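One file, run-v1.cif, carrying mmCIF, C-alpha atoms and all ligand atoms:
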data_coords
#
loop_
_atom_site.label_atom_id
_atom_site.label_comp_id
_atom_site.auth_asym_id
_atom_site.auth_seq_id
_atom_site.Cartn_x
_atom_site.Cartn_y
_atom_site.Cartn_z
CA MET A 1405 -1.00 28.38 -11.64
CA ASP A 1406 -2.46 26.95 -8.47
CA THR A 1407 -0.91 23.51 -8.07
CA THR A 1408 -2.31 22.76 -4.60
CA ARG A 1409 -4.76 19.90 -4.12
CA ARG A 1410 -7.57 22.41 -3.78
CA GLY A 1411 -6.49 24.21 -6.92
CA ILE A 1412 -6.34 21.00 -8.88
CA LEU A 1413 -9.74 20.05 -7.50
CA LYS A 1414 -11.26 23.31 -8.62
CA THR A 1415 -9.67 23.06 -12.04
CA ALA A 1416 -10.66 19.43 -12.41
CA VAL A 1417 -14.30 19.95 -11.52
CA THR A 1418 -14.52 22.96 -13.80
CA ALA A 1419 -13.03 20.96 -16.63
CA ALA A 1420 -15.10 17.84 -15.98
CA GLY A 1421 -17.78 18.37 -18.57
CA ALA A 1422 -15.37 19.09 -21.39
CA ALA A 1423 -13.06 16.27 -20.31
CA VAL A 1424 -15.76 13.61 -20.30
CA THR A 1425 -16.79 14.57 -23.80
CA HIS A 1426 -13.15 14.63 -24.85
CA ASP A 1427 -12.37 11.23 -23.33
CA PHE A 1428 -15.47 9.65 -24.81
CA ALA A 1429 -14.49 10.88 -28.24
CA HIS A 1430 -11.02 9.39 -27.83
CA ALA A 1431 -12.44 6.12 -26.53
CA GLN A 1432 -14.12 5.68 -29.90
CA GLU A 1433 -10.77 5.79 -31.67
CA GLN A 1434 -9.05 2.54 -32.52
CA ASP A 1435 -5.53 3.96 -32.47
CA HIS A 1436 -4.70 5.08 -28.94
CA ASP A 1437 -0.94 5.28 -29.26
CA HIS A 1438 -0.62 8.98 -29.78
CA GLU A 1439 0.38 11.35 -26.97
CA HIS A 1440 -2.36 13.05 -24.96
CA SER A 1441 -0.24 16.08 -24.23
CA HIS A 1442 -3.25 18.32 -24.78
CA GLN A 1443 -5.22 16.60 -22.01
CA ALA A 1444 -4.45 18.03 -18.56
CA VAL A 1445 -7.24 16.61 -16.41
CA PRO A 1446 -6.92 13.73 -13.91
CA SER A 1447 -8.05 10.19 -14.70
CA ASP A 1448 -11.73 9.38 -14.52
CA PRO A 1449 -11.65 7.76 -11.02
CA ALA A 1450 -9.57 10.65 -9.68
CA LEU A 1451 -12.03 13.08 -11.15
CA ARG A 1452 -14.96 11.28 -9.53
CA VAL A 1453 -13.22 11.36 -6.14
CA LYS A 1454 -12.45 15.04 -6.47
CA SER A 1455 -16.01 15.83 -7.54
CA LEU A 1456 -17.40 13.84 -4.61
CA GLU A 1457 -15.05 15.61 -2.20
CA SER A 1458 -16.08 18.97 -3.57
CA LEU A 1459 -19.79 18.21 -3.08
CA LEU A 1460 -19.32 16.82 0.44
CA VAL A 1461 -17.37 19.91 1.46
CA GLU A 1462 -19.90 22.21 -0.16
CA LYS A 1463 -22.76 20.56 1.73
CA GLY A 1464 -20.83 20.76 4.99
CA LEU A 1465 -20.73 16.98 5.43
CA VAL A 1466 -16.94 16.79 5.72
CA ASP A 1467 -14.35 19.22 6.99
CA ARG A 1468 -11.56 20.35 4.65
CA ALA A 1469 -9.00 20.38 7.46
CA ALA A 1470 -9.90 16.83 8.45
CA LEU A 1471 -9.48 15.66 4.85
CA ASP A 1472 -6.14 17.44 4.55
CA ALA A 1473 -4.96 15.82 7.78
CA LEU A 1474 -5.91 12.38 6.49
CA VAL A 1475 -4.18 12.95 3.14
CA ASP A 1476 -1.08 14.27 4.89
CA THR A 1477 -1.02 11.22 7.16
CA TYR A 1478 -1.05 8.74 4.31
CA GLU A 1479 1.21 10.78 2.03
CA ASN A 1480 3.86 11.70 4.58
CA LYS A 1481 3.57 9.85 7.88
CA VAL A 1482 2.35 6.34 7.19
CA GLY A 1483 4.01 4.10 4.65
CA PRO A 1484 6.67 1.46 4.03
CA ARG A 1485 9.25 3.66 5.76
CA ASN A 1486 7.60 2.66 9.05
CA GLY A 1487 7.84 -1.03 8.30
CA ALA A 1488 11.46 -0.57 7.24
CA LYS A 1489 12.30 0.83 10.67
CA VAL A 1490 10.71 -2.14 12.38
CA VAL A 1491 12.56 -4.59 10.14
CA ALA A 1492 15.92 -2.85 10.51
CA ARG A 1493 15.57 -2.81 14.28
CA ALA A 1494 14.75 -6.52 14.30
CA TRP A 1495 17.88 -7.18 12.21
CA VAL A 1496 20.22 -5.39 14.61
CA ASP A 1497 18.49 -6.06 17.94
CA PRO A 1498 17.78 -9.75 18.72
CA ALA A 1499 15.75 -8.89 21.82
CA TYR A 1500 13.52 -6.61 19.76
CA LYS A 1501 13.11 -9.33 17.13
CA THR A 1502 11.96 -11.74 19.82
CA ARG A 1503 9.41 -9.23 21.06
CA LEU A 1504 8.28 -8.48 17.52
CA LEU A 1505 7.63 -12.13 16.67
CA ALA A 1506 5.91 -12.72 20.01
CA ASP A 1507 3.65 -9.66 20.01
CA ALA A 1508 3.90 -7.45 16.95
CA ASN A 1509 1.39 -4.86 18.14
CA ASP A 1510 3.36 -4.19 21.31
CA ALA A 1511 6.74 -4.15 19.54
CA MET A 1512 5.54 -1.78 16.80
CA ALA A 1513 3.99 0.50 19.41
CA GLU A 1514 7.55 1.10 20.67
CA PHE A 1515 7.97 3.15 17.47
CA GLY A 1516 4.57 4.75 17.90
CA PHE A 1517 3.09 2.67 15.06
CA VAL A 1518 -0.39 1.82 16.24
CA SER A 1519 -3.10 0.38 14.06
CA ARG A 1520 -6.11 2.62 13.70
CA GLN A 1521 -8.22 -0.31 12.62
CA GLY A 1522 -7.80 -2.14 15.92
CA ASP A 1523 -6.49 -5.23 14.20
CA ARG A 1524 -3.95 -7.73 15.48
CA MET A 1525 -0.59 -7.64 13.71
CA VAL A 1526 1.47 -10.75 13.16
CA VAL A 1527 5.06 -10.75 11.91
CA VAL A 1528 6.22 -13.84 10.03
CA GLU A 1529 9.90 -14.44 9.39
CA ASN A 1530 11.54 -15.41 6.13
CA THR A 1531 14.43 -17.84 6.53
CA ALA A 1532 16.65 -19.85 4.23
CA ARG A 1533 13.98 -22.58 4.32
CA VAL A 1534 10.71 -20.63 4.56
CA HIS A 1535 9.31 -17.84 2.41
CA ASN A 1536 6.10 -16.07 3.40
CA LEU A 1537 3.55 -14.58 1.03
CA ILE A 1538 0.75 -12.31 2.23
CA VAL A 1539 -2.58 -11.90 0.49
CA CYS A 1540 -6.10 -10.84 1.33
CA THR A 1541 -8.24 -13.22 -0.69
CA LEU A 1542 -11.44 -11.41 0.27
CA CYS A 1543 -10.47 -7.81 -0.47
CA SER A 1544 -7.33 -5.81 0.33
CA CYS A 1545 -6.60 -5.94 4.10
CA TYR A 1546 -3.09 -4.60 4.62
CA PRO A 1547 -0.99 -3.42 7.59
CA TRP A 1548 -1.54 0.29 7.03
CA SER A 1549 0.38 1.49 10.07
CA VAL A 1550 3.65 -0.03 8.85
CA LEU A 1551 3.24 -0.35 5.07
CA GLY A 1552 0.76 2.37 4.20
CA LEU A 1553 -2.02 1.90 1.69
CA PRO A 1554 -2.01 -1.32 -0.34
CA PRO A 1555 -0.60 -1.16 -3.86
CA VAL A 1556 -2.96 -1.71 -6.78
CA TRP A 1557 -1.62 -5.17 -7.57
CA TYR A 1558 -2.32 -6.32 -4.01
CA LYS A 1559 -5.99 -5.49 -4.51
CA SER A 1560 -6.27 -7.09 -7.95
CA ALA A 1561 -8.38 -10.23 -8.42
CA PRO A 1562 -5.56 -12.15 -10.19
CA TYR A 1563 -3.12 -11.58 -7.29
CA ARG A 1564 -5.74 -12.54 -4.70
CA SER A 1565 -6.64 -15.80 -6.40
CA ARG A 1566 -3.32 -16.85 -7.89
CA SER A 1567 -1.37 -16.24 -4.68
CA VAL A 1568 -3.28 -19.16 -3.22
CA ILE A 1569 -3.38 -21.36 -6.33
CA ASP A 1570 0.19 -20.80 -7.54
CA PRO A 1571 2.27 -18.81 -5.03
CA ARG A 1572 5.59 -19.83 -6.58
CA GLY A 1573 4.39 -18.67 -9.98
CA VAL A 1574 3.31 -15.31 -8.57
CA LEU A 1575 6.66 -14.85 -6.81
CA ARG A 1576 8.46 -15.76 -10.04
CA GLU A 1577 6.60 -12.97 -11.82
CA PHE A 1578 7.85 -10.60 -9.12
CA GLY A 1579 11.38 -11.75 -9.97
CA LEU A 1580 11.88 -14.24 -7.14
CA GLU A 1581 12.71 -17.80 -8.10
CA LEU A 1582 12.63 -20.00 -5.01
CA ARG A 1583 14.48 -23.28 -4.73
CA GLU A 1584 12.25 -26.35 -4.51
CA ASP A 1585 13.39 -27.05 -0.95
CA VAL A 1586 12.11 -23.66 0.26
CA GLU A 1587 8.67 -23.93 1.79
CA VAL A 1588 6.17 -21.25 0.73
CA ARG A 1589 3.66 -20.22 3.37
CA VAL A 1590 0.67 -18.16 2.24
CA TRP A 1591 -1.11 -16.07 4.86
CA ASP A 1592 -4.63 -14.77 4.28
CA SER A 1593 -5.16 -11.36 5.86
CA THR A 1594 -8.46 -10.26 7.32
CA ALA A 1595 -9.73 -7.02 8.76
CA GLU A 1596 -8.84 -8.32 12.24
CA LEU A 1597 -5.54 -10.02 11.45
CA ARG A 1598 -2.83 -8.49 9.28
CA TYR A 1599 0.70 -9.58 8.51
CA LEU A 1600 4.16 -8.12 8.00
CA VAL A 1601 6.99 -10.22 6.63
CA LEU A 1602 10.37 -9.93 8.30
CA PRO A 1603 12.77 -10.52 5.38
CA GLU A 1604 16.12 -12.19 5.79
CA ARG A 1605 18.86 -9.77 6.65
CA PRO A 1606 20.85 -9.08 3.48
CA ALA A 1607 24.34 -10.52 3.28
CA GLY A 1608 27.11 -8.02 3.83
CA THR A 1609 25.22 -5.95 6.41
CA GLU A 1610 26.66 -7.70 9.47
CA ARG A 1611 28.77 -4.67 10.40
CA LEU A 1612 25.79 -2.33 10.42
CA ARG A 1613 24.65 -1.86 13.98
CA HIS A 1614 22.13 0.95 13.86
CA CYS A 1615 18.85 1.63 12.20
CA ALA A 1616 17.74 5.14 11.26
FE FE B 1701 -9.25 -7.41 2.90
#

Mind turning this structure into C-alpha cells?
Amino acid sequence: MDTTRRGILKTAVTAAGAAVTHDFAHAQEQDHDHEHSHQAVPSDPALRVKSLESLLVEKGLVDRAALDALVDTYENKVGPRNGAKVVARAWVDPAYKTRLLADANDAMAEFGFVSRQGDRMVVVENTARVHNLIVCTLCSCYPWSVLGLPPVWYKSAPYRSRSVIDPRGVLREFGLELREDVEVRVWDSTAELRYLVLPERPAGTERLRHCA
C-alpha cells in the first residue's frame, strides 16, 4: 500500500465520491457512537485540500516539489522546538536574554530563525508577578518561525474573544490557576507584530548550563 502523501492523495480523490455519499448517510443517523473502522478516507476538510492540490498540480498552477518543500518545512523544520531552543538559551545565558528582550528578531536570527512574514517579533517575560497571554483577536497571527503553525484552539472564536474578556478563566481551563496578586497581561498579535512568551525557568534546573 502506498502510504506517501501522494499515494494518500490519489486514494482519497478516487474515494471521494463514495465517501461523501457514505458520510452523508451517516450524518443522518442519530446514534454516532459506533466505530467507523470501515471508513478509511480523510476528514472532509482534508479531502477538500487534497482535491484542490490535485487539481492545481494537474493544471500546472503549482509545482509538486515546491509543495513538498513547504510541507517538509512545517512538518520537520519549523515548530515549537525552535522556540524551545530560544527559551533554553535565554535561561542559561543572561546576555542572550537581554538581547532577546531588546530585539527578538535579531536574537532569534542567531539561531537562523527568521520570520518569512517580515513581522516584528516581541518576547515578553513571565515572572513571579506577571503572566503573559497571547491572542490574535482578529484571526490567528502566530510566530511561525519559532512556534510553527497555530494550534486549532488558538484560532477558535471562543479563545480569541474570551482571552480578552476573561484571561484568568481561560488560563484556568488550561490548568493554570494564578494567584490574585499576579498581573495578567494580554497581548494582541497582528500580522506585523507577533509575540513569544519567555516562561519562568523551572525550579530545580539551576545546575543545567547548556541548551541542546
Ligand atoms: Fe491574526

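Counting all atoms listed in the file, the residue from A:Val1496, A:Ala1470, A:Ile1569, A:Met1525 that sits nearest to Glu1610 in chain A is A:Val1496.
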
For the contact check between chain A and ligand FE 1701 (chain B), emit one row per residue of chain A within 9 Å, containing the shortest atom pair and the distance in Å rounded to one decimal, counting only C-alpha atoms and all ligand atoms, chain then rising number order, as JSON lines.
{"residue": "A:Val1539", "atom": "CA", "partner": "B:FE1701", "partner_atom": "FE", "distance": 8.4}
{"residue": "A:Cys1540", "atom": "CA", "partner": "B:FE1701", "partner_atom": "FE", "distance": 4.9}
{"residue": "A:Thr1541", "atom": "CA", "partner": "B:FE1701", "partner_atom": "FE", "distance": 6.9}
{"residue": "A:Leu1542", "atom": "CA", "partner": "B:FE1701", "partner_atom": "FE", "distance": 5.3}
{"residue": "A:Cys1543", "atom": "CA", "partner": "B:FE1701", "partner_atom": "FE", "distance": 3.6}
{"residue": "A:Ser1544", "atom": "CA", "partner": "B:FE1701", "partner_atom": "FE", "distance": 3.6}
{"residue": "A:Cys1545", "atom": "CA", "partner": "B:FE1701", "partner_atom": "FE", "distance": 3.3}
{"residue": "A:Tyr1546", "atom": "CA", "partner": "B:FE1701", "partner_atom": "FE", "distance": 7.0}
{"residue": "A:Lys1559", "atom": "CA", "partner": "B:FE1701", "partner_atom": "FE", "distance": 8.3}
{"residue": "A:Asp1592", "atom": "CA", "partner": "B:FE1701", "partner_atom": "FE", "distance": 8.8}
{"residue": "A:Ser1593", "atom": "CA", "partner": "B:FE1701", "partner_atom": "FE", "distance": 6.4}
{"residue": "A:Thr1594", "atom": "CA", "partner": "B:FE1701", "partner_atom": "FE", "distance": 5.3}
{"residue": "A:Ala1595", "atom": "CA", "partner": "B:FE1701", "partner_atom": "FE", "distance": 5.9}

*Which one of A:Arg1605, A:Arg1613, A:Lys1481, A:Lys1454 sits closest to Ala1532 in chain A if you count all atoms listed in the file?*
A:Arg1605

_Set the distance at 12 Å and use only C-alpha atoms: which residues neighbour Ala1513 in chain A once local chain neighbours fewer than 5 positions away are removed? I'd like the list as a VMD selection string._
chain A and resid 1486 to 1487 1490 1500 1503 to 1504 1507 to 1508 1518 to 1520 1525 1549 to 1550

*Any idea what the distance is between CA of Phe1515 in chain A and CA of Lys1489 in chain A?*
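Between CA of Phe1515 in chain A and CA of Lys1489 in chain A the gap is 8.4 Å.
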
_To one decimal place in Å, what is the distance between CA of Val1590 in chain A and CA of Asn1536 in chain A?_
5.9 Å

_Surrounding residues of range 1573-1584 of chain A excluding itself and chain neighbours under 4 positions, 8 Å, only C-alpha atoms, as an MDAnalysis selection string_ = chainID A and resid 1563 1566:1567

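Checking A:Pro1484, A:Asp1497, A:Arg1452, A:Lys1463 one by one against Pro1555 in chain A, counting only C-alpha atoms, you find the shortest gap at A:Pro1484.
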
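Across the structure, CA of Arg1533 in chain A and CA of Arg1598 in chain A are spaced 22.5 Å apart.
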